[in-house]
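Chemist: Supplied structure: target01.csv, CSV, C-alpha atoms.
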chain,number,residue,atom,x,y,z
T,1,MET,CA,32.7,9.6,26.3
T,2,PRO,CA,29.7,11.7,25.1
T,3,ASN,CA,26.6,11.9,27.2
T,4,ASN,CA,23.9,10.8,24.8
T,5,ALA,CA,22.0,8.1,26.6
T,6,SER,CA,18.8,10.0,26.1
T,7,TYR,CA,18.9,9.2,22.4
T,8,MET,CA,19.2,5.5,23.2
T,9,PHE,CA,16.2,5.5,25.5
T,10,ILE,CA,14.1,7.5,23.0
T,11,ALA,CA,15.1,5.0,20.2
T,12,TYR,CA,14.2,1.9,22.4
T,13,GLY,CA,10.9,3.6,23.4
T,14,ALA,CA,10.1,4.5,19.9
T,15,ALA,CA,10.8,1.0,18.6
T,16,ALA,CA,8.5,-0.4,21.4
T,17,LEU,CA,5.8,2.0,20.4
T,18,VAL,CA,5.9,1.0,16.8
T,19,LEU,CA,5.9,-2.7,17.6
T,20,GLY,CA,3.2,-2.4,20.3
T,21,GLY,CA,1.1,-0.2,18.0
T,22,TYR,CA,1.3,-2.8,15.3
T,23,VAL,CA,0.3,-5.7,17.6
T,24,VAL,CA,-2.7,-3.7,18.9
T,25,SER,CA,-3.7,-2.8,15.3
T,26,LEU,CA,-3.6,-6.4,14.2
T,27,VAL,CA,-5.6,-7.6,17.2
T,28,THR,CA,-8.1,-4.8,16.7
T,29,ARG,CA,-8.5,-5.7,13.0
T,30,ALA,CA,-8.9,-9.4,13.8
T,31,ARG,CA,-11.6,-8.7,16.4
T,32,ALA,CA,-13.5,-6.5,14.0
T,33,MET,CA,-13.3,-9.3,11.4
T,34,VAL,CA,-14.6,-11.9,13.9
T,35,ARG,CA,-17.5,-9.5,14.6
T,36,ARG,CA,-18.2,-9.3,10.9
T,37,GLY,CA,-18.2,-13.1,10.7
T,38,ASP,CA,-20.5,-13.3,13.7
T,39,ALA,CA,-22.9,-10.8,12.2
T,40,ILE,CA,-23.1,-12.9,9.0
T,41,ASP,CA,-23.8,-15.9,11.2
T,42,ALA,CA,-26.5,-14.2,13.1
T,43,ALA,CA,-28.2,-12.9,10.0
T,44,GLY,CA,-28.2,-16.3,8.4
T,45,ARG,CA,-29.9,-18.1,11.4
T,46,PRO,CA,-33.6,-18.8,11.4
B,47,MET,CA,-24.5,-19.3,7.5
B,48,SER,CA,-24.7,-22.5,9.5
B,49,GLU,CA,-23.3,-23.3,12.9
B,50,SER,CA,-20.5,-25.2,11.3
B,51,SER,CA,-19.4,-22.1,9.3
B,52,VAL,CA,-18.9,-20.2,12.6
B,53,SER,CA,-16.7,-22.9,14.0
B,54,SER,CA,-14.8,-23.0,10.7
B,55,LEU,CA,-13.7,-19.4,11.2
B,56,PRO,CA,-10.0,-19.3,11.9
B,57,ALA,CA,-9.2,-18.1,15.4
B,58,ALA,CA,-8.4,-14.4,15.4
B,59,GLY,CA,-7.9,-11.4,17.7
B,60,ALA,CA,-7.6,-11.8,21.5
B,61,GLY,CA,-10.1,-12.9,24.1
B,62,ARG,CA,-13.5,-13.9,22.8
B,63,SER,CA,-15.9,-12.4,20.3
B,64,ALA,CA,-19.4,-11.3,21.3
B,65,ARG,CA,-20.9,-14.7,20.2
B,66,GLY,CA,-18.2,-16.6,21.9
B,67,THR,CA,-16.0,-17.4,19.0
B,68,PRO,CA,-12.5,-18.1,20.4
B,69,VAL,CA,-10.0,-15.5,19.0
B,70,ALA,CA,-6.2,-15.7,19.2
B,71,VAL,CA,-4.2,-14.3,16.3
B,72,PHE,CA,-1.2,-14.3,18.7
B,73,ASP,CA,-0.2,-17.1,20.9
B,74,TRP,CA,2.7,-18.2,23.1
B,75,LEU,CA,5.3,-17.5,20.4
B,76,LEU,CA,4.6,-13.8,20.5
B,77,ALA,CA,4.9,-13.8,24.3
B,78,LEU,CA,8.2,-15.7,24.0
B,79,ALA,CA,9.4,-13.2,21.3
B,80,VAL,CA,8.4,-10.2,23.4
B,81,LEU,CA,10.2,-11.6,26.5
B,82,ALA,CA,13.3,-12.3,24.3
B,83,VAL,CA,13.4,-8.8,22.9
B,84,LEU,CA,12.9,-7.3,26.4
B,85,ALA,CA,15.8,-9.4,27.7
B,86,VAL,CA,18.0,-8.3,24.8
B,87,ALA,CA,17.1,-4.6,25.5
B,88,ALA,CA,17.9,-5.0,29.2
B,89,ARG,CA,21.2,-6.7,28.3
B,90,ALA,CA,22.1,-4.0,25.8
B,91,ILE,CA,21.2,-1.1,28.1
B,92,TRP,CA,22.6,-2.3,31.4
B,93,TYR,CA,25.2,-5.0,30.7
B,94,THR,CA,26.8,-4.4,27.3
B,95,PRO,CA,29.6,-1.8,27.5
B,96,PRO,CA,29.1,1.4,25.5
B,97,GLU,CA,31.4,2.1,22.5
B,98,ALA,CA,34.3,4.4,23.6
B,99,LEU,CA,33.8,7.1,21.0
B,100,GLN,CA,30.0,7.0,20.4
B,101,GLY,CA,28.8,6.5,24.0
B,102,GLU,CA,25.4,5.0,24.9
B,103,ALA,CA,23.9,6.1,21.6
B,104,GLN,CA,25.8,3.3,19.9
B,105,LYS,CA,23.5,0.8,21.7
B,106,ILE,CA,20.7,1.8,19.2
B,107,PHE,CA,22.7,-0.5,17.0
B,108,TYR,CA,21.2,-3.5,18.8
B,109,ILE,CA,17.7,-2.8,17.6
B,110,HIS,CA,18.5,-0.9,14.4
B,111,VAL,CA,20.7,-3.6,12.7
B,112,PRO,CA,18.5,-6.7,13.6
B,113,SER,CA,15.4,-4.8,12.4
B,114,ALA,CA,17.2,-4.0,9.1
B,115,VAL,CA,18.4,-7.6,8.7
B,116,VAL,CA,14.9,-9.1,9.4
B,117,GLY,CA,13.1,-6.5,7.3
B,118,LEU,CA,15.5,-6.5,4.3
B,119,TYR,CA,16.8,-10.1,4.2
B,120,LEU,CA,13.8,-12.1,5.6
B,121,ALA,CA,10.6,-10.2,5.0
B,122,CYS,CA,11.3,-8.6,1.7
B,123,PRO,CA,12.5,-11.8,0.0
B,124,LEU,CA,9.3,-13.5,1.2
B,125,VAL,CA,7.2,-10.8,-0.4
B,126,ALA,CA,8.9,-11.5,-3.7
B,127,ILE,CA,8.9,-15.3,-3.3
B,128,GLY,CA,5.2,-15.4,-2.3
B,129,GLY,CA,4.3,-13.1,-5.2
B,130,ALA,CA,6.3,-15.0,-7.8
B,131,MET,CA,4.9,-18.3,-6.6
B,132,TYR,CA,1.4,-16.9,-6.7
B,133,LEU,CA,1.9,-15.8,-10.3
B,134,TRP,CA,3.0,-19.3,-11.1
B,135,LEU,CA,0.6,-21.4,-9.0
B,136,ARG,CA,-2.4,-19.0,-8.3
B,137,ASP,CA,-2.6,-20.3,-4.7
B,138,GLU,CA,-4.2,-17.7,-2.4
B,139,ARG,CA,-2.1,-18.9,0.5
B,140,LEU,CA,1.0,-17.6,-1.4
B,141,ASP,CA,-0.7,-14.2,-1.9
B,142,ARG,CA,-1.4,-14.1,1.8
B,143,LEU,CA,2.2,-14.9,2.6
B,144,ALA,CA,3.4,-12.1,0.3
B,145,GLU,CA,0.9,-9.6,1.7
B,146,SER,CA,1.7,-10.5,5.3
B,147,SER,CA,5.4,-10.4,4.8
B,148,ALA,CA,5.1,-7.0,3.1
B,149,GLU,CA,3.3,-5.6,6.2
B,150,ILE,CA,5.9,-7.0,8.5
B,151,ALA,CA,8.7,-5.7,6.3
B,152,LEU,CA,7.1,-2.2,6.5
B,153,LEU,CA,7.0,-2.6,10.3
B,154,PHE,CA,10.7,-3.4,10.7
B,155,LEU,CA,11.8,-0.9,8.1
B,156,SER,CA,9.8,1.7,10.0
B,157,ILE,CA,11.8,0.8,13.1
B,158,VAL,CA,15.0,1.2,11.0
B,159,LEU,CA,14.0,4.6,9.8
B,160,VAL,CA,13.0,5.8,13.3
B,161,THR,CA,16.0,4.5,15.1
B,162,GLY,CA,18.6,5.5,12.4
B,163,PRO,CA,18.1,9.2,12.8
B,164,LEU,CA,18.1,8.9,16.6
B,165,TRP,CA,21.6,7.5,16.2
B,166,GLY,CA,22.6,9.9,13.5
B,167,LYS,CA,21.8,13.1,15.4
B,168,PRO,CA,24.3,12.5,18.3
B,169,ILE,CA,26.9,10.8,16.1
B,170,TRP,CA,26.8,12.6,12.7
B,171,GLY,CA,25.3,15.8,14.1
B,172,THR,CA,22.3,15.5,11.7
B,173,TRP,CA,19.0,13.6,11.8
B,174,TRP,CA,19.1,12.7,8.1
B,175,THR,CA,21.4,12.9,5.1
B,176,TRP,CA,20.4,12.0,1.5
B,177,ASP,CA,23.1,9.4,1.0
B,178,ALA,CA,22.6,6.1,-1.0
B,179,ARG,CA,21.9,3.8,2.0
B,180,LEU,CA,19.4,6.0,3.7
B,181,THR,CA,17.7,7.2,0.6
B,182,SER,CA,17.3,3.7,-1.0
B,183,THR,CA,15.9,2.3,2.3
B,184,LEU,CA,13.4,5.2,2.5
B,185,PHE,CA,12.5,4.5,-1.2
B,186,LEU,CA,11.8,0.8,-0.3
B,187,TRP,CA,9.7,1.9,2.6
B,188,PHE,CA,7.6,4.0,0.2
B,189,VAL,CA,7.3,1.1,-2.2
B,190,LEU,CA,5.9,-1.1,0.6
B,191,VAL,CA,3.5,1.7,1.6
B,192,GLY,CA,2.4,1.8,-2.1
B,193,TYR,CA,2.1,-2.0,-2.1
B,194,SER,CA,-0.3,-1.7,0.9
B,195,VAL,CA,-2.3,1.1,-0.7
B,196,LEU,CA,-2.5,-0.9,-4.0
B,197,ARG,CA,-4.0,-3.9,-2.2
B,198,GLY,CA,-6.6,-1.7,-0.6
B,199,ALA,CA,-7.6,-0.2,-3.9
B,200,ILE,CA,-8.4,-3.3,-5.9
B,201,GLU,CA,-11.4,-5.4,-5.0
B,202,ASP,CA,-11.0,-8.3,-7.4
B,203,ARG,CA,-8.9,-10.8,-5.5
B,204,ASP,CA,-6.9,-12.3,-8.4
B,205,GLN,CA,-6.2,-8.9,-9.9
B,206,ARG,CA,-5.1,-7.6,-6.5
B,207,ALA,CA,-2.8,-10.5,-6.0
B,208,ARG,CA,-1.3,-10.3,-9.5
B,209,TYR,CA,-0.7,-6.5,-9.4
B,210,SER,CA,0.7,-6.6,-5.9
B,211,ALA,CA,2.9,-9.5,-6.7
B,212,VAL,CA,4.6,-7.5,-9.4
B,213,VAL,CA,5.1,-4.5,-7.1
B,214,GLY,CA,6.4,-6.8,-4.4
B,215,ILE,CA,8.9,-8.4,-6.7
B,216,MET,CA,10.1,-5.0,-8.0
B,217,GLY,CA,10.4,-3.7,-4.4
B,218,ALA,CA,12.5,-6.7,-3.3
B,219,LEU,CA,14.9,-6.1,-6.2
B,220,LEU,CA,15.9,-3.0,-4.3
B,221,VAL,CA,17.3,-5.1,-1.4
B,222,PRO,CA,20.6,-6.1,-3.1
B,223,PHE,CA,21.0,-2.4,-4.2
B,224,ILE,CA,20.5,-1.3,-0.6
B,225,HIS,CA,23.0,-3.9,0.7
B,226,LEU,CA,25.7,-2.9,-1.8
B,227,SER,CA,25.0,0.9,-1.6
B,228,VAL,CA,27.7,1.5,1.1
B,229,ASP,CA,30.3,0.0,-1.3
B,230,MET,CA,29.0,1.4,-4.5
B,231,PHE,CA,28.7,5.1,-3.3
B,232,ARG,CA,30.5,7.4,-1.0
B,233,THR,CA,28.2,7.4,2.0
B,234,MET,CA,28.1,8.5,5.7
B,235,HIS,CA,26.5,5.2,6.7
B,236,PRO,CA,28.9,2.9,8.5
B,237,GLN,CA,30.4,0.0,6.5
B,238,PRO,CA,29.1,-3.4,7.3
B,239,ILE,CA,30.6,-5.0,10.4
B,240,VAL,CA,28.3,-7.9,10.8
B,241,LEU,CA,27.6,-9.4,7.3
B,242,THR,CA,31.2,-9.4,6.4
B,243,PRO,CA,34.0,-12.0,6.5
B,244,ASP,CA,35.9,-9.9,9.0
B,245,ALA,CA,33.2,-10.5,11.6
B,246,VAL,CA,34.1,-14.1,11.9
B,247,THR,CA,37.9,-13.8,11.4
B,248,PRO,CA,39.9,-14.0,14.6
B,249,GLY,CA,41.7,-10.7,15.4
B,250,LYS,CA,39.7,-8.8,12.8
B,251,ALA,CA,36.3,-8.6,14.5
B,252,LYS,CA,35.3,-5.0,15.2
B,253,LEU,CA,33.0,-5.8,18.1
B,254,SER,CA,34.0,-6.8,21.6
B,255,PRO,CA,32.9,-10.3,22.8
B,256,GLU,CA,30.1,-8.7,25.0
B,257,MET,CA,28.9,-6.5,22.1
B,258,ALA,CA,29.0,-9.5,19.6
B,259,ALA,CA,27.1,-11.7,22.1
B,260,THR,CA,24.4,-9.0,22.6
B,261,LEU,CA,24.0,-8.6,18.8
B,262,LYS,CA,23.8,-12.3,18.4
B,263,TYR,CA,21.0,-12.5,20.9
B,264,ALA,CA,19.3,-9.5,19.3
B,265,PHE,CA,19.3,-11.3,16.0
B,266,LEU,CA,17.7,-14.4,17.5
B,267,ALA,CA,15.1,-12.4,19.4
B,268,PHE,CA,14.1,-10.4,16.3
B,269,ILE,CA,13.9,-13.5,14.1
B,270,VAL,CA,11.6,-15.1,16.7
B,271,LEU,CA,9.6,-11.9,16.8
B,272,PHE,CA,9.4,-11.9,13.0
B,273,VAL,CA,8.1,-15.5,12.9
B,274,ALA,CA,5.5,-14.7,15.6
B,275,LEU,CA,4.2,-11.6,13.9
B,276,LEU,CA,4.1,-13.3,10.5
B,277,ARG,CA,2.1,-16.2,11.9
B,278,GLY,CA,-0.3,-13.8,13.5
B,279,ARG,CA,-0.7,-11.7,10.3
B,280,LEU,CA,-1.2,-14.9,8.2
B,281,LYS,CA,-4.0,-16.0,10.6
B,282,PHE,CA,-5.6,-12.6,10.3
B,283,ALA,CA,-5.4,-12.8,6.4
B,284,ALA,CA,-6.9,-16.3,6.4
B,285,LEU,CA,-9.7,-15.1,8.7
B,286,ARG,CA,-10.4,-12.0,6.5
B,287,ASP,CA,-10.5,-14.0,3.3
B,288,ARG,CA,-13.0,-16.5,5.0
B,289,VAL,CA,-15.3,-13.7,6.2
B,290,GLU,CA,-15.2,-12.0,2.7
B,291,GLN,CA,-16.1,-15.4,1.1
B,292,LEU,CA,-19.0,-15.7,3.6
B,293,GLU,CA,-20.1,-12.2,2.8
B,294,ALA,CA,-20.0,-12.9,-0.9
B,295,GLY,CA,-22.2,-16.0,-0.2
B,296,ASP,CA,-19.8,-18.5,-1.7
B,297,ALA,CA,-18.9,-20.3,1.5
Would you write out, as C-alpha cells, the structure that this file holds?
Modeler:
Amino acid sequence: MPNNASYMFIAYGAAALVLGGYVVSLVTRARAMVRRGDAIDAAGRP
Amino acid sequence: MSESSVSSLPAAGAGRSARGTPVAVFDWLLALAVLAVLAVAARAIWYTPPEALQGEAQKIFYIHVPSAVVGLYLACPLVAIGGAMYLWLRDERLDRLAESSAEIALLFLSIVLVTGPLWGKPIWGTWWTWDARLTSTLFLWFVLVGYSVLRGAIEDRDQRARYSAVVGIMGALLVPFIHLSVDMFRTMHPQPIVLTPDAVTPGKAKLSPEMAATLKYAFLAFIVLFVALLRGRLKFAALRDRVEQLEAGDA
C-alpha cells in the first residue's frame, strides 16, 4: 500500500481552511452591516 | 431612523454590535454541522480502512464527493430555481435565495477543486489534467465567480437580480453536462460509484460496508452543513437589504 497519508491530511486541512475562512468572512461582513445599521440609527436620533 | 427600526434589523454576525444589537447569523445548526463534519473526518481518518491500491489518499473521497454532490446537486439547482422564480414572481426573497445558494455552491466547488488535485497527485501522478469532468467543473466555478462579480457591479436591485438570474440559470445548465461528462468523454476521472444503480445492488457495490457507512455519514453531515451555511447567508442577505433600504431612506 502506498504511503500517501500526507496528501489526505493536507486535503482535510485545506477543506477546513476554506470552510472556516468562509464562516469568518460571513460573520465579519454581517458585523460590518450591523455597524452600518447602527450608524444610520445614531445619525437619525435627535 | 427610529428605535423600532433598530430592533427590526435581522440578527446578524456573532456577539453584539457596538450599540447592543444582538447579532447571530449562525446558530446551533452550524455548531451541529461542524461537530458532524468533524466526527465524519475522525471516522474517515482513524476508523475507515484505507483502499488497498490507493492507500490513505483515497480517504480524500469522503470530503471530495459530498462537497461535489452538495455543490452540484443541491446548491446549483437552487441558484437556477431561485433565479427563475424571481424572473416570474419578482420576489426579492427568491433573489436572495439564488444569490446565497450561488455563494455556497462556489464554496463547495472550491473544496472540490482543492481536494481533487490533492488526490490526483498521488494516484494519477499529476495535479491536474484537462479532461471533461475537471475542466467543466472548473468552468462552472468560473461562472459562479462571474455571477458574484456581476452582482457586485450592478447597483439597481431589480436589474442585478434579473441579470444574475440569467447567469445562474445558464450556470446550472452545466450540471447535467458535468454529471454525464465521465460517460460522454474518455476521461481519467473515476466512474461514478455512488450515484449509480450498482451502489445499491447486493454483490455489485464497490465500497466495503465501513467505507459505505462513512460516505453515508459524510453526505448527511455535508447536507446539514449546507443548510446551516445557507441559513446564515440568507440572514446576512436580508440584513444587508434592510440596511441598504435604510440608507436609501425608504424604510
Chemist: Distance cut-off 7 Å, counting all atoms listed in the file - which residues of chain T neighbour chain B? Return them as a ChimeraX atom specification.
Modeler: /T:1-5,7-8,11,15,18,27-28,30-31,33-35,37-38,40-41,44-45
Chemist: Quick check, in Å to one decimal: how far apart do CA of Met230 (chain B) and CA of Ser182 (chain B) lie?
Modeler: 12.4 Å
Chemist: Report as a list in words all protein, DNA and RNA residues lying within 12 Å of Val228 (chain B), evaluated on only C-alpha atoms, omitting residues in the same chain fewer than 2 positions from it.
Modeler: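 Final neighbour list, sorted by chain and number: Asp177, Ala178, Arg179, Leu180, Thr181, Ser182, Thr183, Pro222, Phe223, Ile224, His225, Leu226, Met230, Phe231, Arg232, Thr233, Met234, His235, Pro236, Gln237, Pro238 and Ile239 of chain B.
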Chemist: Tell me which protein, DNA and RNA residues are within 10 Å of Pro123 (chain B), counting all atoms listed in the file, leaving out same-chain ones fewer than 5 positions away, and put them as a PyMOL selection string.
Modeler: chain B and resi 117-118+128-129+144+147-148+151+214-215+217-219+221
Chemist: I need the chosen residues saved as a PDB file, in the frame of the given file, with C-alpha atoms.
Modeler:
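This is the output file again29.pdb:
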ATOM      1  CA  GLY B 117      13.100  -6.500   7.300  1.00  0.00           C
ATOM      2  CA  LEU B 118      15.500  -6.500   4.300  1.00  0.00           C
ATOM      3  CA  GLY B 128       5.200 -15.400  -2.300  1.00  0.00           C
ATOM      4  CA  GLY B 129       4.300 -13.100  -5.200  1.00  0.00           C
ATOM      5  CA  ALA B 144       3.400 -12.100   0.300  1.00  0.00           C
ATOM      6  CA  SER B 147       5.400 -10.400   4.800  1.00  0.00           C
ATOM      7  CA  ALA B 148       5.100  -7.000   3.100  1.00  0.00           C
ATOM      8  CA  ALA B 151       8.700  -5.700   6.300  1.00  0.00           C
ATOM      9  CA  GLY B 214       6.400  -6.800  -4.400  1.00  0.00           C
ATOM     10  CA  ILE B 215       8.900  -8.400  -6.700  1.00  0.00           C
ATOM     11  CA  GLY B 217      10.400  -3.700  -4.400  1.00  0.00           C
ATOM     12  CA  ALA B 218      12.500  -6.700  -3.300  1.00  0.00           C
ATOM     13  CA  LEU B 219      14.900  -6.100  -6.200  1.00  0.00           C
ATOM     14  CA  VAL B 221      17.300  -5.100  -1.400  1.00  0.00           C
TER      15      VAL B 221
END
Chemist: So what do you get for CA of Arg208 (chain B) versus CA of Ala126 (chain B), distance-wise?
Modeler: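 Computed distance, CA of Arg208 (chain B) to CA of Ala126 (chain B), equals 11.8 Å.
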Chemist: Mind pulling up the distance from CA of Ile269 (chain B) to CA of Leu135 (chain B)?
Modeler: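 Distance reported for this atom pair: 27.8 Å.
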Chemist: Name all residues at most 12 Å from Ala79 (chain B) (count only C-alpha atoms; drop same-chain ones fewer than 4 positions away) and give them as an MDAnalysis selection string.
Modeler: (chainID T and resid 19) or (chainID B and resid 72:75 83:86 263:275)
